[in-house]
$ cat run-v8.txt   # compact mmCIF, C-alpha atoms
# COMPACT_ATOMS: atom_id res chain seq x y z
CA MET A 29 -41.17 8.46 -156.02
CA PRO A 30 -41.74 10.09 -159.43
CA ILE A 31 -43.03 7.89 -162.22
CA ALA A 32 -40.03 5.93 -163.53
CA LEU A 33 -41.19 5.91 -167.14
CA PHE A 34 -44.26 7.42 -168.77
CA ARG A 35 -44.49 5.86 -172.20
CA VAL A 36 -46.68 6.01 -175.30
CA ASP A 37 -46.48 2.59 -176.96
CA GLU A 38 -49.26 0.97 -178.94
CA ARG A 39 -48.04 -2.48 -177.98
CA LEU A 40 -48.56 -1.57 -174.30
CA ILE A 41 -46.79 -4.35 -172.37
CA HIS A 42 -44.15 -6.16 -174.45
CA GLY A 43 -40.51 -7.22 -174.38
CA GLN A 44 -38.93 -3.77 -174.83
CA VAL A 45 -40.93 -2.43 -171.92
CA VAL A 46 -40.57 -5.42 -169.59
CA VAL A 47 -36.95 -6.33 -170.27
CA GLY A 48 -35.47 -3.23 -171.93
CA TRP A 49 -36.89 -0.59 -169.59
CA GLY A 50 -38.25 -2.60 -166.66
CA LYS A 51 -34.98 -4.34 -165.80
CA HIS A 52 -32.97 -1.18 -166.50
CA LEU A 53 -35.09 0.97 -164.18
CA GLY A 54 -35.74 -1.78 -161.64
CA VAL A 55 -39.49 -1.25 -161.63
CA ASP A 56 -41.96 -2.89 -159.26
CA ARG A 57 -45.17 -2.14 -161.14
CA ILE A 58 -46.54 -1.46 -164.60
CA ALA A 59 -49.71 0.60 -165.03
CA VAL A 60 -51.72 0.39 -168.26
CA ILE A 61 -54.11 3.26 -168.89
CA ASP A 62 -56.64 2.20 -171.49
CA ASP A 63 -60.42 2.40 -171.43
CA GLU A 64 -60.90 -0.65 -173.65
CA VAL A 65 -58.42 -2.97 -171.96
CA VAL A 66 -59.62 -2.15 -168.46
CA ALA A 67 -63.09 -3.38 -169.41
CA SER A 68 -61.96 -6.62 -171.02
CA PRO A 69 -60.84 -9.50 -168.73
CA TRP A 70 -59.39 -11.68 -171.50
CA GLU A 71 -57.35 -8.76 -172.82
CA ARG A 72 -55.98 -8.00 -169.34
CA ASP A 73 -54.99 -11.68 -169.00
CA LEU A 74 -53.11 -11.55 -172.30
CA TYR A 75 -51.18 -8.40 -171.42
CA CYS A 76 -50.22 -9.82 -168.00
CA LEU A 77 -48.65 -12.89 -169.65
CA GLY A 78 -45.49 -11.11 -170.65
CA VAL A 79 -44.75 -9.74 -167.18
CA PRO A 80 -42.47 -11.55 -164.70
CA SER A 81 -44.26 -12.60 -161.49
CA GLU A 82 -42.33 -10.13 -159.32
CA VAL A 83 -43.68 -7.14 -161.25
CA GLY A 84 -47.26 -6.06 -160.50
CA VAL A 85 -49.68 -4.87 -163.18
CA VAL A 86 -52.39 -2.24 -162.69
CA PHE A 87 -55.10 -1.38 -165.22
CA ALA A 88 -56.94 1.93 -165.12
CA SER A 89 -59.37 3.90 -167.25
CA VAL A 90 -58.34 7.41 -168.27
CA GLN A 91 -60.91 8.79 -165.81
CA ASP A 92 -59.49 6.79 -162.87
CA ALA A 93 -55.91 7.41 -163.91
CA ARG A 94 -56.39 11.15 -163.55
CA HIS A 95 -56.83 10.52 -159.80
CA GLU A 96 -54.37 7.62 -159.54
CA LEU A 97 -51.45 9.58 -161.03
CA ALA A 98 -50.96 11.53 -157.79
CA VAL A 99 -51.14 8.28 -155.79
CA TRP A 100 -48.55 6.60 -158.05
CA ARG A 101 -46.21 9.58 -157.78
CA ALA A 102 -46.43 9.43 -153.97
CA ASP A 103 -45.90 5.65 -153.79
CA PRO A 104 -42.37 4.45 -152.92
CA ARG A 105 -42.63 1.63 -155.49
CA ARG A 106 -41.19 2.34 -158.94
CA ILE A 107 -43.79 2.34 -161.70
CA ILE A 108 -43.95 2.40 -165.50
CA VAL A 109 -47.09 4.04 -166.90
CA LEU A 110 -48.19 3.00 -170.40
CA VAL A 111 -50.73 4.48 -172.78
CA ARG A 112 -51.56 3.16 -176.24
CA ASP A 113 -51.77 6.35 -178.29
CA VAL A 114 -51.38 10.11 -178.48
CA GLU A 115 -55.13 10.56 -178.02
CA THR A 116 -55.09 8.88 -174.59
CA LEU A 117 -52.02 10.91 -173.63
CA ALA A 118 -53.74 14.14 -174.64
CA ARG A 119 -56.83 13.26 -172.58
CA LEU A 120 -54.64 12.59 -169.55
CA ALA A 121 -52.72 15.81 -170.04
CA GLN A 122 -55.81 18.02 -169.72
CA HIS A 123 -55.76 20.60 -166.91
CA GLN A 124 -51.97 20.39 -166.86
CA LEU A 125 -52.06 17.05 -165.10
CA LEU A 126 -48.79 16.10 -166.79
CA ASP A 127 -46.99 19.36 -166.02
CA HIS A 128 -43.24 18.65 -165.79
CA GLU A 129 -43.84 14.97 -166.49
CA GLU A 130 -41.31 13.37 -168.83
CA ILE A 131 -43.15 11.58 -171.63
CA ASN A 132 -41.43 8.87 -173.68
CA LEU A 133 -42.66 8.14 -177.20
CA GLY A 134 -41.76 4.48 -177.55
CA GLY A 135 -43.58 2.90 -180.45
CA ILE A 136 -46.40 3.90 -182.75
CA HIS A 137 -46.56 1.85 -185.88
CA PHE A 138 -47.48 2.63 -189.44
CA ALA A 139 -51.15 3.19 -190.28
CA PRO A 140 -52.76 4.99 -193.22
CA GLY A 141 -52.32 8.75 -192.78
CA ARG A 142 -49.25 8.41 -190.59
CA GLU A 143 -45.78 9.45 -191.66
CA ARG A 144 -42.51 7.92 -190.57
CA LEU A 145 -40.56 10.15 -188.20
CA LEU A 146 -38.31 7.46 -186.73
CA PRO A 147 -38.08 3.73 -187.45
CA TYR A 148 -40.36 3.05 -184.48
CA LEU A 149 -42.48 6.18 -184.67
CA PHE A 150 -45.17 6.97 -187.23
CA LEU A 151 -47.49 9.94 -186.60
CA SER A 152 -50.35 11.63 -188.42
CA PRO A 153 -50.42 15.46 -188.70
CA GLU A 154 -53.28 15.50 -186.15
CA GLU A 155 -51.22 13.46 -183.71
CA CYS A 156 -48.27 15.83 -184.13
CA GLU A 157 -50.56 18.76 -183.31
CA ARG A 158 -51.90 16.94 -180.23
CA LEU A 159 -48.34 16.31 -179.07
CA ARG A 160 -47.51 20.01 -179.42
CA GLU A 161 -50.55 20.79 -177.24
CA VAL A 162 -49.43 18.30 -174.62
CA ALA A 163 -45.95 19.86 -174.66
CA ARG A 164 -47.46 23.33 -174.26
CA SER A 165 -49.31 22.08 -171.16
CA GLY A 166 -45.95 21.48 -169.49
CA ALA A 167 -44.97 17.91 -170.39
CA VAL A 168 -41.43 17.21 -171.60
CA ILE A 169 -41.72 14.89 -174.60
CA THR A 170 -38.91 12.85 -176.12
CA ALA A 171 -38.82 9.80 -178.38
CA ARG A 172 -36.65 6.85 -177.43
CA ASP A 173 -37.27 3.13 -177.99
CA LEU A 174 -34.75 1.65 -175.55
CA PRO A 175 -32.65 2.94 -172.63
CA GLY A 176 -29.46 2.46 -174.67
CA THR A 177 -30.50 4.67 -177.58
CA ARG A 178 -30.28 8.44 -177.88
CA PRO A 179 -33.45 10.39 -177.02
CA VAL A 180 -34.89 12.69 -179.69
CA THR A 181 -36.64 15.83 -178.45
CA LEU A 182 -40.03 16.88 -179.74
CA ASP A 183 -38.49 19.97 -181.40
CA ASP A 184 -36.10 17.79 -183.39
CA LEU A 185 -38.86 15.33 -184.16
CA LEU A 186 -41.55 17.62 -185.52
CA PRO A 187 -41.03 20.00 -188.43
CA GLU A 188 -41.47 23.71 -187.64
CA GLU A 189 -45.03 24.96 -187.75
CA MET B 18 -59.09 -26.17 -184.39
CA THR B 19 -60.60 -29.38 -183.10
CA ARG B 20 -63.26 -28.75 -185.70
CA TYR B 21 -60.69 -28.86 -188.45
CA PRO B 22 -59.72 -32.17 -190.05
CA ALA B 23 -56.28 -33.56 -189.19
CA SER B 24 -54.99 -32.77 -192.70
CA VAL B 25 -55.75 -29.06 -192.23
CA ARG B 26 -54.13 -29.04 -188.80
CA ALA B 27 -51.03 -30.77 -190.18
CA ARG B 28 -50.77 -28.28 -193.03
CA VAL B 29 -51.01 -25.34 -190.64
CA LEU B 30 -48.31 -26.87 -188.45
CA LEU B 31 -45.98 -27.45 -191.43
CA ARG B 32 -46.55 -23.96 -192.79
CA SER B 33 -45.71 -22.48 -189.39
CA PHE B 34 -42.06 -23.41 -190.03
CA LEU B 35 -42.05 -20.80 -192.80
CA ILE B 36 -43.76 -18.10 -190.75
CA GLN B 37 -40.75 -15.78 -190.99
CA GLY B 38 -40.40 -16.38 -194.75
CA SER B 39 -41.61 -12.92 -195.76
CA TRP B 40 -40.43 -10.99 -192.73
CA ASN B 41 -40.30 -7.26 -193.39
CA TYR B 42 -40.04 -4.03 -191.41
CA GLU B 43 -43.56 -2.89 -192.08
CA THR B 44 -45.71 -5.90 -191.21
CA LEU B 45 -43.06 -8.14 -189.59
CA ILE B 46 -44.39 -11.73 -189.61
CA GLY B 47 -47.91 -10.63 -190.63
CA PRO B 48 -47.76 -12.19 -194.13
CA GLY B 49 -46.29 -15.37 -192.62
CA PHE B 50 -49.14 -15.47 -190.15
CA ALA B 51 -51.71 -15.32 -192.96
CA PHE B 52 -49.78 -17.95 -194.93
CA THR B 53 -49.79 -20.27 -191.93
CA LEU B 54 -53.48 -19.74 -191.24
CA LEU B 55 -54.51 -20.06 -194.89
CA PRO B 56 -55.40 -23.80 -194.92
CA ALA B 57 -57.81 -23.17 -192.03
CA LEU B 58 -59.39 -20.14 -193.72
CA ARG B 59 -59.74 -22.10 -196.99
CA TYR B 60 -61.40 -24.95 -195.17
CA LEU B 61 -63.91 -22.67 -193.41
CA HIS B 62 -64.65 -20.83 -196.63
CA LYS B 63 -65.31 -24.07 -198.46
CA GLN B 64 -67.50 -25.47 -195.68
CA ARG B 65 -69.64 -22.38 -195.46
CA GLY B 66 -69.84 -22.01 -199.21
CA GLU B 67 -71.15 -25.57 -199.58
CA SER B 68 -73.62 -25.55 -196.70
CA GLY B 69 -75.09 -22.31 -198.04
CA VAL B 70 -76.03 -21.34 -194.50
CA PRO B 71 -74.80 -17.84 -193.70
CA GLN B 72 -73.13 -17.63 -190.32
CA ALA B 73 -72.54 -14.54 -188.28
CA GLY B 74 -69.03 -13.12 -188.31
CA GLY B 75 -66.36 -15.40 -189.80
CA PRO B 76 -65.22 -15.79 -193.41
CA ASP B 77 -68.05 -15.76 -195.92
CA GLY B 78 -70.57 -15.43 -193.07
CA ALA B 79 -73.38 -12.91 -192.75
CA THR B 80 -70.90 -10.16 -193.56
CA GLY B 81 -70.40 -11.76 -196.99
CA GLU B 82 -66.65 -11.75 -196.50
CA THR B 83 -64.67 -13.46 -199.24
CA LEU B 84 -61.63 -15.64 -198.65
CA GLU B 85 -59.44 -12.86 -200.02
CA GLN B 86 -60.87 -10.37 -197.54
CA ALA B 87 -60.33 -12.80 -194.66
CA VAL B 88 -56.71 -13.29 -195.70
CA ALA B 89 -56.28 -9.52 -196.09
CA ARG B 90 -57.19 -9.04 -192.42
CA HIS B 91 -54.38 -11.38 -191.41
CA VAL B 92 -51.50 -10.12 -193.56
CA GLU B 93 -51.49 -6.94 -191.46
CA LEU B 94 -48.77 -6.26 -188.90
CA PHE B 95 -48.17 -9.10 -186.48
CA ASN B 96 -45.20 -10.04 -184.40
CA SER B 97 -44.39 -12.78 -181.97
CA HIS B 98 -41.66 -15.21 -181.16
CA PRO B 99 -41.54 -17.44 -184.28
CA TYR B 100 -42.13 -20.67 -182.35
CA PHE B 101 -44.84 -19.28 -180.10
CA ALA B 102 -46.64 -17.81 -183.10
CA THR B 103 -48.47 -21.14 -183.51
CA VAL B 104 -50.27 -20.39 -180.24
CA ALA B 105 -51.73 -17.29 -181.87
CA VAL B 106 -52.46 -19.14 -185.14
CA GLY B 107 -54.35 -21.87 -183.27
CA ALA B 108 -56.39 -19.44 -181.22
CA VAL B 109 -57.26 -17.31 -184.26
CA ALA B 110 -58.24 -20.43 -186.24
CA LYS B 111 -60.66 -21.37 -183.47
CA MET B 112 -62.10 -17.87 -183.31
CA GLU B 113 -62.56 -17.75 -187.08
CA ALA B 114 -64.42 -21.08 -186.89
CA ASP B 115 -66.54 -19.79 -184.01
CA GLY B 116 -67.52 -16.72 -186.04
CA THR B 117 -65.86 -14.25 -183.66
CA PRO B 118 -66.18 -10.70 -185.05
CA PRO B 119 -63.02 -9.55 -186.92
CA ALA B 120 -62.65 -6.52 -184.64
CA ILE B 121 -62.32 -8.77 -181.57
CA ILE B 122 -59.81 -11.01 -183.38
CA GLU B 123 -57.83 -7.90 -184.25
CA ARG B 124 -57.65 -6.79 -180.62
CA PHE B 125 -56.82 -10.31 -179.54
CA LYS B 126 -53.81 -10.41 -181.87
CA LEU B 127 -52.69 -6.98 -180.69
CA ALA B 128 -52.82 -8.00 -177.02
CA LEU B 129 -51.13 -11.32 -177.69
CA ARG B 130 -48.26 -10.26 -179.89
CA GLY B 131 -46.20 -8.57 -177.19
CA SER B 132 -46.76 -11.31 -174.66
CA LEU B 133 -45.81 -14.16 -176.98
CA GLY B 134 -42.63 -12.32 -177.92
CA SER B 135 -41.72 -11.83 -174.29
CA LEU B 136 -42.45 -15.47 -173.34
CA GLY B 137 -40.42 -16.73 -176.28
CA ASP B 138 -37.49 -14.43 -175.54
CA ARG B 139 -37.32 -15.57 -171.95
CA LEU B 140 -37.72 -19.28 -172.68
CA VAL B 141 -35.94 -19.82 -175.99
CA TRP B 142 -33.43 -17.06 -176.74
CA SER B 143 -32.16 -16.32 -173.25
CA ALA B 144 -32.43 -19.76 -171.60
CA TRP B 145 -32.93 -22.76 -173.85
CA ARG B 146 -30.57 -21.85 -176.68
CA PRO B 147 -27.59 -21.01 -174.41
CA MET B 148 -28.21 -24.19 -172.42
CA THR B 149 -28.37 -26.51 -175.43
CA ALA B 150 -25.36 -24.86 -177.07
CA ILE B 151 -23.30 -25.28 -173.93
CA ILE B 152 -24.30 -28.96 -173.80
CA GLY B 153 -22.65 -29.36 -177.20
CA VAL B 154 -19.56 -27.45 -176.07
CA VAL B 155 -19.20 -29.55 -172.91
CA LEU B 156 -19.54 -32.79 -174.88
CA PHE B 157 -16.85 -31.61 -177.28
CA LEU B 158 -14.49 -30.56 -174.48
CA ALA B 159 -15.12 -33.92 -172.80
CA GLY B 160 -13.79 -35.62 -175.92
CA ALA B 161 -16.86 -36.40 -178.00
CA PRO B 162 -16.36 -36.14 -181.79
CA TRP B 163 -17.38 -32.75 -183.21
CA TRP B 164 -20.34 -34.13 -185.16
CA ALA B 165 -21.76 -35.75 -182.02
CA ALA B 166 -21.48 -32.44 -180.15
CA VAL B 167 -23.23 -30.59 -182.97
CA ALA B 168 -25.90 -33.29 -183.33
CA SER B 169 -26.66 -33.30 -179.62
CA PHE B 170 -27.10 -29.53 -179.68
CA LEU B 171 -29.46 -29.72 -182.66
CA ILE B 172 -31.50 -32.59 -181.23
CA VAL B 173 -31.94 -31.17 -177.73
CA TYR B 174 -32.56 -27.64 -179.00
CA ASN B 175 -35.17 -28.71 -181.53
CA SER B 176 -36.97 -31.05 -179.16
CA LEU B 177 -38.29 -27.99 -177.34
CA HIS B 178 -38.67 -26.03 -180.59
CA PHE B 179 -40.92 -28.69 -182.15
CA ALA B 180 -42.80 -29.23 -178.88
CA VAL B 181 -43.58 -25.51 -178.59
CA ARG B 182 -44.87 -25.37 -182.17
CA TYR B 183 -47.06 -28.48 -181.84
CA LEU B 184 -48.34 -28.02 -178.29
CA GLY B 185 -48.72 -24.28 -178.85
CA LEU B 186 -50.96 -24.79 -181.85
CA ARG B 187 -53.07 -27.26 -179.89
CA MET B 188 -53.26 -25.05 -176.81
CA GLY B 189 -54.26 -22.00 -178.86
CA ALA B 190 -56.87 -23.97 -180.77
CA ARG B 191 -58.46 -25.26 -177.59
CA SER B 192 -58.51 -21.96 -175.71
CA GLY B 193 -59.39 -19.20 -178.18
CA LEU B 194 -60.16 -16.02 -176.26
CA ASP B 195 -59.38 -17.70 -172.90
CA LEU B 196 -55.78 -18.20 -173.97
CA GLY B 197 -54.37 -15.74 -171.43
CA GLY B 198 -55.52 -17.76 -168.43
CA VAL B 199 -54.44 -21.08 -169.99
CA LEU B 200 -50.97 -19.86 -171.01
CA ARG B 201 -50.37 -18.49 -167.52
CA GLU B 202 -50.72 -22.05 -166.19
CA ALA B 203 -48.26 -23.45 -168.75
CA PRO B 204 -44.85 -24.27 -167.19
CA ILE B 205 -42.90 -21.77 -169.30
CA GLN B 206 -41.22 -19.74 -166.57
CA PRO B 207 -40.09 -22.80 -164.51
CA VAL B 208 -38.56 -24.42 -167.61
CA ALA B 209 -36.76 -21.18 -168.48
CA GLU B 210 -35.37 -20.83 -164.96
CA ARG B 211 -34.28 -24.46 -164.77
CA ALA B 212 -32.59 -24.21 -168.19
CA SER B 213 -30.68 -21.11 -167.04
CA GLN B 214 -29.50 -22.91 -163.91
CA ILE B 215 -28.39 -25.94 -165.90
CA ALA B 216 -26.58 -23.67 -168.37
CA CYS B 217 -24.68 -21.98 -165.55
CA ALA B 218 -23.67 -25.32 -164.05
CA LEU B 219 -22.54 -26.59 -167.46
CA ILE B 220 -20.49 -23.45 -168.09
CA GLY B 221 -18.69 -24.20 -164.83
CA LEU B 222 -18.05 -27.72 -166.07
CA ALA B 223 -16.83 -26.39 -169.42
CA VAL B 224 -14.34 -24.14 -167.65
CA VAL B 225 -12.99 -27.09 -165.66
CA LEU B 226 -12.66 -29.17 -168.83
CA ALA B 227 -11.05 -26.28 -170.68
CA VAL B 228 -8.49 -25.71 -167.95
CA SER B 229 -7.67 -29.40 -167.76
CA VAL B 230 -6.77 -29.53 -171.46
CA THR B 231 -4.59 -26.45 -171.10
CA GLU B 232 -2.48 -27.97 -168.34
CA ASN B 233 1.23 -27.81 -169.12
CA ASN B 234 0.43 -26.06 -172.35
CA PRO B 235 0.95 -22.28 -172.19
CA GLY B 236 -0.22 -21.83 -175.80
CA ARG B 237 -3.61 -23.31 -175.10
CA LEU B 238 -3.90 -21.45 -171.81
CA ALA B 239 -3.32 -18.17 -173.65
CA MET B 240 -5.97 -19.16 -176.16
CA ALA B 241 -8.41 -19.89 -173.38
CA VAL B 242 -7.82 -16.46 -171.87
CA VAL B 243 -8.31 -14.78 -175.26
CA ALA B 244 -11.49 -16.79 -175.85
CA VAL B 245 -12.96 -15.88 -172.47
CA ALA B 246 -12.10 -12.19 -172.90
CA LEU B 247 -13.56 -12.18 -176.41
CA GLY B 248 -16.70 -13.92 -175.23
CA LEU B 249 -17.27 -11.55 -172.35
CA ALA B 250 -16.75 -8.56 -174.63
CA LEU B 251 -19.23 -9.92 -177.18
CA GLY B 252 -21.69 -10.89 -174.49
CA SER B 253 -21.61 -7.55 -172.71
CA ARG B 254 -22.75 -5.92 -175.93
CA THR B 255 -25.94 -7.93 -175.65
CA ARG B 256 -26.04 -7.24 -171.91
CA LYS B 257 -26.39 -10.88 -171.04
CA ILE B 258 -23.76 -12.56 -168.94
CA LEU B 259 -24.94 -16.02 -169.89
CA THR B 260 -24.60 -15.18 -173.57
CA GLY B 261 -21.13 -13.80 -172.91
CA LEU B 262 -19.95 -16.96 -171.22
CA LEU B 263 -21.49 -19.00 -174.00
CA TRP B 264 -19.54 -17.03 -176.62
CA ALA B 265 -16.41 -17.61 -174.58
CA ALA B 266 -16.97 -21.35 -174.49
CA VAL B 267 -17.85 -21.52 -178.19
CA ALA B 268 -14.79 -19.48 -179.16
CA PHE B 269 -12.57 -21.72 -177.09
CA ALA B 270 -14.08 -24.89 -178.51
CA LEU B 271 -13.60 -23.50 -182.04
CA LEU B 272 -9.96 -22.65 -181.40
CA LEU B 273 -9.34 -26.12 -180.00
CA GLY B 274 -11.12 -27.62 -182.96
CA LEU B 275 -8.96 -25.64 -185.39
CA LEU B 276 -5.85 -26.97 -183.71
CA GLY B 277 -7.11 -30.51 -184.06
CA TYR B 278 -7.78 -31.19 -180.41
CA GLY B 279 -10.34 -33.94 -179.95
CA ALA B 280 -9.95 -35.16 -183.51
$ encode --input "run-v8.txt" --output "structure tokens"
Amino acid sequence: MPIALFRVDERLIHGQVVVGWGKHLGVDRIAVIDDEVVASPWERDLYCLGVPSEVGVVFASVQDARHELAVWRADPRRIIVLVRDVETLARLAQHQLLDHEEINLGGIHFAPGRERLLPYLFLSPEECERLREVARSGAVITARDLPGTRPVTLDDLLPEE
Amino acid sequence: MTRYPASVRARVLLRSFLIQGSWNYETLIGPGFAFTLLPALRYLHKQRGESGVPQAGGPDGATGETLEQAVARHVELFNSHPYFATVAVGAVAKMEADGTPPAIIERFKLALRGSLGSLGDRLVWSAWRPMTAIIGVVLFLAGAPWWAAVASFLIVYNSLHFAVRYLGLRMGARSGLDLGGVLREAPIQPVAERASQIACALIGLAVVLAVSVTENNPGRLAMAVVAVALGLALGSRTRKILTGLLWAAVAFALLLGLLGYGA
């Protein structure tokens, strides 16, 4: 079964993901790919809090996830994969690992240096460039906060180079 | 928070009622969070200033952080369910007192904010509020005066609201970083499920009561049909059947009230 949702969202697990997407897609598992969270038991506990008991949660480092991705794609259970930022996404995308994968930009908040592209999406020029690289490696990137809203393609999102 | 005097704890609890007071799109309830935490930060700052002993981490500790700088860290983006936010405030107050490094506190708040929102949505918005509102509707349909129906809704609804704020603050303050494990044991999901079940049963009762008052009265029956259709249409926009039925019941009760039924 292909990955049900591959999402970049700095909040990782939260209501929009669990209720908005999880219920809509009928997912069985949520995978969080984050080097810091995977090494921190109290952080993992906190992220698990917001997940209903029938949905499983997996944590993986970027290194491990590069192997796990194939396993997840082959698994019959439906899975949401979450990364915190564009940097993590770009590291995963190396060697065309995300070729033909649909990537959902779900929520990156304001920080100094970032510009507002959508109400839920703020990106720095460097992050935009990284996203273009990921797209060139074969990934199909769109921005969309919830299943009910209209997706915005990367071409519409980023100004011409 | 156990290290804080009762007056500081009480002030934090009272301020938590205003946590959404400066809600905005950029930092959400961040400023409210800092406002709620402020009595605790002031207390710590004063204590450490007087003792003259520098402590690692925390406000005015070895880092020489001023009160203003400590507050500045907490006005940044934060979001949570407004009632459950006291859990985060309590835990952060404990960590500030323990001298936990600001970077860890920052990551703690980031990890917590989504989870508290999700817990609060499931318990309060999608279970407790529909259930308590339908209690009021049923009482009204059963012949209670309107003010008694409204009062019973407010009292039952806020009993949980106040309990979450008070117990949440205490739980957060006792657990600090271990909050995740402690919150998992809290009976939030069972209460939410039970409230949903009760709400469904009460909606059934409301329908029976509504039909019984429309007997031999085609005008009222038509109103009931319109109210149910309206409610379902409104509810389907929020994709929640329970909310839809609740709107239906409320609309019907309002129409009856306008026509003087039950007066």
$ closest_residue --input "run-v8.txt" --among "A:Pro187, A:Gly54, A:Gly43, A:Gly84" --to "B:Ser97" --atoms "only C-alpha atoms"
A:Gly43
$ residues_around --input "run-v8.txt" --residues "B:Leu200" --least-positions-apart "3" --cutoff "9 Å" --atoms "only C-alpha atoms" --output "list in words"
Leu74 and Leu77 of chain A; Met188, Gly189, Asp195, Leu196, Gly197, Ala203, Pro204 and Ile205 of chain B
$ closest_residue --input "run-v8.txt" --among "B:Tyr60, B:Phe50, B:Trp40, B:Phe95" --to "chain A" --atoms "all atoms listed in the file"
B:Phe95
$ closest_residue --input "run-v8.txt" --among "A:Ala32, A:Val90, A:Val66, A:Ala59" --to "A:Val109" --atoms "all atoms listed in the file"
A:Ala59
$ closest_atom_pairs --input "run-v8.txt" --of "chain B" --to "chain A" --cutoff "8 Å" --atoms "only C-alpha atoms" --output "JSON lines"
{"residue": "B:Glu43", "atom": "CA", "partner": "A:Phe138", "partner_atom": "CA", "distance": 7.3}
{"residue": "B:Phe125", "atom": "CA", "partner": "A:Glu71", "partner_atom": "CA", "distance": 6.9}
{"residue": "B:Leu127", "atom": "CA", "partner": "A:Arg39", "partner_atom": "CA", "distance": 7.0}
{"residue": "B:Ala128", "atom": "CA", "partner": "A:Tyr75", "partner_atom": "CA", "distance": 5.8}
{"residue": "B:Leu129", "atom": "CA", "partner": "A:Leu74", "partner_atom": "CA", "distance": 5.7}
{"residue": "B:Arg130", "atom": "CA", "partner": "A:His42", "partner_atom": "CA", "distance": 8.0}
{"residue": "B:Gly131", "atom": "CA", "partner": "A:His42", "partner_atom": "CA", "distance": 4.2}
{"residue": "B:Ser132", "atom": "CA", "partner": "A:Gly78", "partner_atom": "CA", "distance": 4.2}
{"residue": "B:Leu133", "atom": "CA", "partner": "A:Gly78", "partner_atom": "CA", "distance": 7.0}
{"residue": "B:Gly134", "atom": "CA", "partner": "A:Gly43", "partner_atom": "CA", "distance": 6.6}
{"residue": "B:Ser135", "atom": "CA", "partner": "A:Gly43", "partner_atom": "CA", "distance": 4.8}
{"residue": "B:Leu136", "atom": "CA", "partner": "A:Gly78", "partner_atom": "CA", "distance": 6.0}
{"residue": "B:Asp138", "atom": "CA", "partner": "A:Gly43", "partner_atom": "CA", "distance": 7.9}
{"residue": "B:Leu194", "atom": "CA", "partner": "A:Trp70", "partner_atom": "CA", "distance": 6.5}
{"residue": "B:Asp195", "atom": "CA", "partner": "A:Trp70", "partner_atom": "CA", "distance": 6.2}
{"residue": "B:Leu196", "atom": "CA", "partner": "A:Leu74", "partner_atom": "CA", "distance": 7.4}
{"residue": "B:Gly197", "atom": "CA", "partner": "A:Leu74", "partner_atom": "CA", "distance": 4.5}
{"residue": "B:Gly198", "atom": "CA", "partner": "A:Asp73", "partner_atom": "CA", "distance": 6.1}
{"residue": "B:Leu200", "atom": "CA", "partner": "A:Leu77", "partner_atom": "CA", "distance": 7.5}
{"residue": "B:Arg201", "atom": "CA", "partner": "A:Leu77", "partner_atom": "CA", "distance": 6.2}
$ atom_distance --input "run-v8.txt" --atom1 "atom CA of B:Tyr42" --atom2 "atom CA of B:Ala89"
17.8 Å
$ closest_residue --input "run-v8.txt" --among "B:Val230, B:Ala108, B:Leu276, B:Ala57" --to "B:Gly160" --atoms "all atoms listed in the file"
B:Val230
$ closest_residue --input "run-v8.txt" --among "A:Glu143, A:Asp92, A:Asp127, A:Glu161" --to "A:Asp63" --atoms "all atoms listed in the file"
A:Asp92
$ residues_around --input "run-v8.txt" --residues "stretch 177-180 of chain A" --least-positions-apart "5" --cutoff "12 Å" --atoms "all atoms listed in the file" --output "ChimeraX atom specification"
/A:48-49,130-134,145-146,149,168-172,185-186
$ residues_near_point --input "run-v8.txt" --point "(-49.0, 16.7, -183.9)" --cutoff "12 Å" --atoms "only C-alpha atoms" --output "ChimeraX atom specification"
/A:114-115,118,142-143,145,150-164,169,182-183,185-189
$ residues_around --input "run-v8.txt" --residues "stretch 147-154 of chain B" --least-positions-apart "5" --cutoff "6 Å" --atoms "all atoms listed in the file" --output "list in words"
Ala166, Val167, Phe170, Tyr174 and Ala216 of chain B
$ residues_near_point --input "run-v8.txt" --point "(-39.2, -16.9, -194.1)" --cutoff "12 Å" --atoms "all atoms listed in the file" --output "count of residues only"
19
